[in-house]
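**Q** I am attaching a structure below and will ask some questions about it afterwards.
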Amino acid sequence: MPTTPTACPGPCNCAWRDAERTGLPHDYTPTWGQPVHCQTCQDRTRTDLTELPELLAAIWLEATHGTARPADVTTSRPAGIAPWPGQASRLLTDHIVGGLTEIEDDVRDLRGLGSRPDDVREGTTATQAVRFLNAHLDWILEHHPAANETHEPGSGNPAAQIRHFNRTAKRFTSRDARMEQKAAPCKRCDWRALAHADGADYVECRNCGLLMTPAEYQDWASEITATAPHRSAA
Ligand SMILES: [Zn+2]
Ligand SMILES: [Zn+2]
């Protein structure tokens with residue numbers, strides 16, 4: 001490639017970006033974008049996106065069967081405690097479907113495509129939005145004006161938003177249960193919230209979203225262990 005490679009803005013580079021921000025020498029190497037997001041982040045975004053229709057159906061089932069656990073979702077959303085059964089599911093559905101259609105409208109506008117048919121039922125709207133975004137995902141990940149924005153909470157990067165919708169939905173429906181909790185606290189937020197999901201490429205902080213490769217986690221855990229006696233002695 002003739003151009004200078006850019007670091008992937010995705011969560012694969014969380015640890016590298018944090019290290020860069022300190023301005024101090026460090027051993028992290030960035031994952032390069034291909035050409036913007038790396039292949040792993042492209043693949044993960046597609047999976048995150050295509051899982052959403054089924055997750056939305058599961059959220060709806062939680063509401064209608066009264067098994068929703070609103071306490072799980074209030075931490076990541078400003079809605080507060082749900083005062084009536086099903087409200088948490090309702091709000092989360094609005095949040096996700098509203099977010100997906102907003103990205104769809106944005107892409108349609110940017111690409112000069114016609115406006116979205118909006119006279120259909122919510123379930124159909126969501127399915128159509130996912131199908132549309134899936135068809136345009138390569139463009140979104142490379143050419144969307146926010147494609148280079150790093151994935152931080154509140155990022156305008158559509159890939160970060162899709163990931164956020166997927167994670168929030170999975171937390172709500174308790175589908176992130178098969179997580180191996182890690183002993184070391186998060187390198188970024190210091191919460192004891194690092195976990196490794198079955199088959200995942202990364203150790204993920206369930207509080208701030210930091211991702212570390214298993215090797216990076218091992219280094220970090222060794223570093224913590226090495227400094228622990230000094231901490232407790234102080
Ligand atoms: Zn990446
Ligand atoms: Zn964290």
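Identifiers in the structure tokens: chain A, B, ... in order shown; residue index from 1 per chain; ligand index from 1 in order shown.
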Using only C-alpha atoms and all ligand atoms, find each residue with an atom at most 10 Å away from ligand 2 and format the answer as a compact mmCIF listing (two decimals) with C-alpha atoms, in the first residue's frame.
**A**
# COMPACT_ATOMS: atom_id res chain seq x y z
CA PRO A 185 -7.84 -5.19 37.79
CA CYS A 186 -8.39 -3.33 34.53
CA LYS A 187 -5.31 -1.48 33.37
CA ARG A 188 -7.35 1.56 32.40
CA CYS A 189 -10.21 1.96 34.88
CA ASP A 190 -8.80 -0.13 37.75
CA TRP A 191 -12.06 -2.05 38.16
CA ARG A 192 -11.86 -5.78 38.73
CA ALA A 193 -13.93 -6.27 35.60
CA LEU A 194 -11.63 -8.04 33.14
CA GLU A 204 -12.38 -7.47 27.79
CA CYS A 205 -13.12 -5.00 30.59
CA ARG A 206 -16.83 -5.13 31.27
CA ASN A 207 -16.70 -1.68 32.78
CA CYS A 208 -14.76 0.51 30.35
CA GLY A 209 -14.52 -1.75 27.28
CA LEU A 210 -10.73 -2.02 27.21
CA LEU A 211 -9.55 -4.99 25.16
**Q** Go through chain A residue by residue and, counting only C-alpha atoms and all ligand atoms, keep those with an atom at most 9 Å from ligand 1; for each kept residue give the shortest atom pair and its distance in Å to one decimal, ordered by chain and increasing number, as JSON lines.
**A**
{"residue": "A:Ala7", "atom": "CA", "partner": "ligand 1", "partner_atom_place_in_ligand_line": "1 (Zn)", "distance": 7.9}
{"residue": "A:Cys8", "atom": "CA", "partner": "ligand 1", "partner_atom_place_in_ligand_line": "1 (Zn)", "distance": 4.7}
{"residue": "A:Pro9", "atom": "CA", "partner": "ligand 1", "partner_atom_place_in_ligand_line": "1 (Zn)", "distance": 6.4}
{"residue": "A:Gly10", "atom": "CA", "partner": "ligand 1", "partner_atom_place_in_ligand_line": "1 (Zn)", "distance": 4.4}
{"residue": "A:Pro11", "atom": "CA", "partner": "ligand 1", "partner_atom_place_in_ligand_line": "1 (Zn)", "distance": 6.1}
{"residue": "A:Cys12", "atom": "CA", "partner": "ligand 1", "partner_atom_place_in_ligand_line": "1 (Zn)", "distance": 4.5}
{"residue": "A:Asn13", "atom": "CA", "partner": "ligand 1", "partner_atom_place_in_ligand_line": "1 (Zn)", "distance": 6.4}
{"residue": "A:Pro30", "atom": "CA", "partner": "ligand 1", "partner_atom_place_in_ligand_line": "1 (Zn)", "distance": 8.9}
{"residue": "A:Thr31", "atom": "CA", "partner": "ligand 1", "partner_atom_place_in_ligand_line": "1 (Zn)", "distance": 6.1}
{"residue": "A:Trp32", "atom": "CA", "partner": "ligand 1", "partner_atom_place_in_ligand_line": "1 (Zn)", "distance": 7.3}
{"residue": "A:Gly33", "atom": "CA", "partner": "ligand 1", "partner_atom_place_in_ligand_line": "1 (Zn)", "distance": 6.7}
{"residue": "A:Gln34", "atom": "CA", "partner": "ligand 1", "partner_atom_place_in_ligand_line": "1 (Zn)", "distance": 8.9}
{"residue": "A:Val36", "atom": "CA", "partner": "ligand 1", "partner_atom_place_in_ligand_line": "1 (Zn)", "distance": 8.5}
{"residue": "A:His37", "atom": "CA", "partner": "ligand 1", "partner_atom_place_in_ligand_line": "1 (Zn)", "distance": 5.3}
{"residue": "A:Cys38", "atom": "CA", "partner": "ligand 1", "partner_atom_place_in_ligand_line": "1 (Zn)", "distance": 4.2}
{"residue": "A:Gln39", "atom": "CA", "partner": "ligand 1", "partner_atom_place_in_ligand_line": "1 (Zn)", "distance": 6.7}
{"residue": "A:Thr40", "atom": "CA", "partner": "ligand 1", "partner_atom_place_in_ligand_line": "1 (Zn)", "distance": 5.7}
{"residue": "A:Cys41", "atom": "CA", "partner": "ligand 1", "partner_atom_place_in_ligand_line": "1 (Zn)", "distance": 4.3}
{"residue": "A:Gln42", "atom": "CA", "partner": "ligand 1", "partner_atom_place_in_ligand_line": "1 (Zn)", "distance": 7.3}
**Q** Just write the chosen residues, C-alpha atoms, as a PDB file, in the first residue's frame.
**A**
ATOM      1  CA  ALA A   7      -3.722   2.290  13.428  1.00  0.00           C
ATOM      2  CA  CYS A   8      -7.105   0.603  13.589  1.00  0.00           C
ATOM      3  CA  PRO A   9      -9.491   2.864  15.568  1.00  0.00           C
ATOM      4  CA  GLY A  10     -11.163  -0.214  17.066  1.00  0.00           C
ATOM      5  CA  PRO A  11     -10.959  -1.717  20.539  1.00  0.00           C
ATOM      6  CA  CYS A  12      -8.046  -3.946  19.445  1.00  0.00           C
ATOM      7  CA  ASN A  13      -5.840  -0.874  19.966  1.00  0.00           C
ATOM      8  CA  PRO A  30      -0.641  -1.038  17.068  1.00  0.00           C
ATOM      9  CA  THR A  31      -2.846  -3.222  14.883  1.00  0.00           C
ATOM     10  CA  TRP A  32      -2.843  -1.575  11.457  1.00  0.00           C
ATOM     11  CA  GLY A  33      -6.053  -0.743   9.654  1.00  0.00           C
ATOM     12  CA  GLN A  34      -6.905  -2.511   6.406  1.00  0.00           C
ATOM     13  CA  VAL A  36      -9.074   1.850   8.353  1.00  0.00           C
ATOM     14  CA  HIS A  37     -10.373  -0.932  10.613  1.00  0.00           C
ATOM     15  CA  CYS A  38      -8.301  -4.114  10.923  1.00  0.00           C
ATOM     16  CA  GLN A  39      -9.735  -7.372   9.617  1.00  0.00           C
ATOM     17  CA  THR A  40     -10.565  -8.629  13.120  1.00  0.00           C
ATOM     18  CA  CYS A  41     -12.566  -5.496  13.930  1.00  0.00           C
ATOM     19  CA  GLN A  42     -14.315  -5.664  10.549  1.00  0.00           C
TER      20      GLN A  42
END
**Q** Let's see if you can do this: from backbone DSSP, list all helix (DSSP H, G or I) residues in chain A, as number ranges by chain.
**A** A: 11-21, 39-50, 52-65, 70-74, 87-110, 122-135, 137-143, 158-172, 214-233
**Q** What lies within 10 Å of Leu141 of chain A using only C-alpha atoms, ignoring chain neighbours under 2 positions off, as a list in words?
**A** Gln34, Pro35, Val36, His37, Cys38, Cys41, Gln42, Thr45, His136, Leu137, Asp138, Trp139, His143, His144, Pro145, Ala146, Ala147, Asn148, Asn157, Pro158 and Ala159 of chain A
**Q** Restricting the calculation to only C-alpha atoms, which member of A:Asp198, A:Leu92, A:Val203, A:Pro153 is positioned closest to Ala215 of chain A?
**A**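 Closest residue, counting only C-alpha atoms: A:Val203.
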**Q** For Arg175 of chain A, which residue out of A:Leu113, A:Ile59, A:Gln218, A:Pro5 is the nearest one, using only C-alpha atoms?
**A**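 Selected residue with least distance to Arg175 of chain A: A:Ile59.
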**Q** Which residues are close to Met212 of chain A, i.e. within 6 Å by only C-alpha atoms, leaving aside same-chain residues fewer than 2 positions away? Reply as number ranges by chain.
**A** A: 202-203, 216-217
**Q** Quick one: everything within 8 Å of segment 103-109 of chain A, counting only C-alpha atoms, minus sequence neighbours fewer than 2 positions away in the same chain. Send it as a compact mmCIF listing (two decimals) with N, CA and C atoms, in the first residue's frame.
**A**
# COMPACT_ATOMS: atom_id res chain seq x y z
N GLY A 99 -31.13 3.70 17.29
CA GLY A 99 -29.72 3.89 16.92
C GLY A 99 -29.41 3.32 15.54
N LEU A 100 -29.96 2.12 15.27
CA LEU A 100 -29.71 1.47 13.96
C LEU A 100 -30.31 2.29 12.83
N THR A 101 -31.55 2.77 13.02
CA THR A 101 -32.19 3.52 11.94
C THR A 101 -31.52 4.88 11.76
N ARG A 111 -24.72 8.72 1.07
CA ARG A 111 -24.51 8.03 -0.20
C ARG A 111 -25.55 8.40 -1.25
N GLY A 112 -26.41 9.36 -0.91
CA GLY A 112 -27.41 9.82 -1.87
C GLY A 112 -28.43 8.75 -2.23
N LEU A 113 -28.73 7.88 -1.27
CA LEU A 113 -29.74 6.85 -1.52
C LEU A 113 -31.10 7.36 -1.05
N GLY A 114 -32.14 6.73 -1.49
CA GLY A 114 -33.48 7.16 -1.12
C GLY A 114 -33.72 7.04 0.37
N SER A 115 -34.79 7.65 0.86
CA SER A 115 -35.04 7.58 2.29
C SER A 115 -35.63 6.23 2.66
N ARG A 116 -35.51 5.92 3.93
CA ARG A 116 -35.90 4.62 4.48
C ARG A 116 -37.42 4.48 4.50
N ALA A 129 -33.04 -2.50 8.76
CA ALA A 129 -31.88 -1.65 9.08
C ALA A 129 -30.61 -2.50 9.14
N PHE A 132 -29.65 -3.54 5.65
CA PHE A 132 -29.07 -2.39 4.93
C PHE A 132 -27.64 -2.12 5.40
N LEU A 133 -27.45 -2.08 6.71
CA LEU A 133 -26.12 -1.76 7.24
C LEU A 133 -25.12 -2.87 6.89
N ILE A 140 -19.09 1.67 5.29
CA ILE A 140 -19.20 2.32 6.61
C ILE A 140 -17.87 2.26 7.35
N HIS A 144 -17.16 6.07 6.02
CA HIS A 144 -18.05 6.91 6.83
C HIS A 144 -17.20 8.02 7.47
N PRO A 158 -19.79 4.41 13.65
CA PRO A 158 -20.88 3.44 13.60
C PRO A 158 -20.47 2.07 14.11
**Q** Quick one: distance from atom CA of Arg44 of chain A to atom CA of Ala58 of chain A in Å, one decimal?
**A**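 Separation of atom CA of Arg44 of chain A and atom CA of Ala58 of chain A: 20.4 Å.
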**Q** Could you pull out all residues of chain A with a DSSP call of strand (DSSP E) and give them as a PyMOL selection string?
**A** chain A and resi 179-181+194-197+203-205+211-212
**Q** Those selected residues, please, written with N, CA and C atoms and delivered as a PDB file, in the first residue's frame.
**A**
ATOM      1  N   MET A 179     -18.271 -16.162  30.915  1.00  0.00           N
ATOM      2  CA  MET A 179     -17.065 -15.341  30.938  1.00  0.00           C
ATOM      3  C   MET A 179     -16.161 -15.845  32.060  1.00  0.00           C
ATOM      4  N   GLU A 180     -14.883 -15.942  31.739  1.00  0.00           N
ATOM      5  CA  GLU A 180     -13.911 -16.291  32.762  1.00  0.00           C
ATOM      6  C   GLU A 180     -13.417 -14.980  33.387  1.00  0.00           C
ATOM      7  N   GLN A 181     -13.741 -14.759  34.646  1.00  0.00           N
ATOM      8  CA  GLN A 181     -13.311 -13.537  35.318  1.00  0.00           C
ATOM      9  C   GLN A 181     -11.802 -13.582  35.536  1.00  0.00           C
ATOM     10  N   LEU A 194     -12.165  -7.386  34.333  1.00  0.00           N
ATOM     11  CA  LEU A 194     -11.628  -8.035  33.136  1.00  0.00           C
ATOM     12  C   LEU A 194     -12.156  -9.462  33.048  1.00  0.00           C
ATOM     13  N   ALA A 195     -12.559  -9.860  31.854  1.00  0.00           N
ATOM     14  CA  ALA A 195     -13.096 -11.202  31.666  1.00  0.00           C
ATOM     15  C   ALA A 195     -12.761 -11.683  30.267  1.00  0.00           C
ATOM     16  N   HIS A 196     -12.688 -12.988  30.142  1.00  0.00           N
ATOM     17  CA  HIS A 196     -12.378 -13.603  28.854  1.00  0.00           C
ATOM     18  C   HIS A 196     -13.545 -14.489  28.456  1.00  0.00           C
ATOM     19  N   ALA A 197     -14.249 -14.124  27.392  1.00  0.00           N
ATOM     20  CA  ALA A 197     -15.395 -14.925  26.953  1.00  0.00           C
ATOM     21  C   ALA A 197     -14.895 -16.159  26.225  1.00  0.00           C
ATOM     22  N   VAL A 203      -9.248 -10.349  26.017  1.00  0.00           N
ATOM     23  CA  VAL A 203      -9.748 -10.173  27.373  1.00  0.00           C
ATOM     24  C   VAL A 203     -10.405  -8.794  27.381  1.00  0.00           C
ATOM     25  N   GLU A 204     -11.615  -8.714  27.886  1.00  0.00           N
ATOM     26  CA  GLU A 204     -12.379  -7.467  27.791  1.00  0.00           C
ATOM     27  C   GLU A 204     -12.745  -6.938  29.167  1.00  0.00           C
ATOM     28  N   CYS A 205     -12.648  -5.618  29.346  1.00  0.00           N
ATOM     29  CA  CYS A 205     -13.117  -4.997  30.591  1.00  0.00           C
ATOM     30  C   CYS A 205     -14.607  -4.740  30.440  1.00  0.00           C
ATOM     31  N   LEU A 211      -9.842  -3.636  25.629  1.00  0.00           N
ATOM     32  CA  LEU A 211      -9.546  -4.993  25.159  1.00  0.00           C
ATOM     33  C   LEU A 211      -8.053  -5.210  25.255  1.00  0.00           C
ATOM     34  N   MET A 212      -7.649  -6.375  25.701  1.00  0.00           N
ATOM     35  CA  MET A 212      -6.235  -6.744  25.719  1.00  0.00           C
ATOM     36  C   MET A 212      -6.115  -8.129  25.094  1.00  0.00           C
TER      37      MET A 212
END
**Q** Restricting the calculation to only C-alpha atoms, which member of A:Thr227, A:Gln161, A:Ser155, A:Phe172 is positioned closest to Arg90 of chain A?
**A**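 Answer, going by the shortest atom-to-atom distance: A:Phe172.
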**Q** Rank nothing, just name the residue among A:His26, A:Val120, A:Thr127, A:Leu110 nearest to Thr50 of chain A, using only C-alpha atoms.
**A**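 The shortest atom-to-atom distance to Thr50 of chain A comes from A:Thr127.
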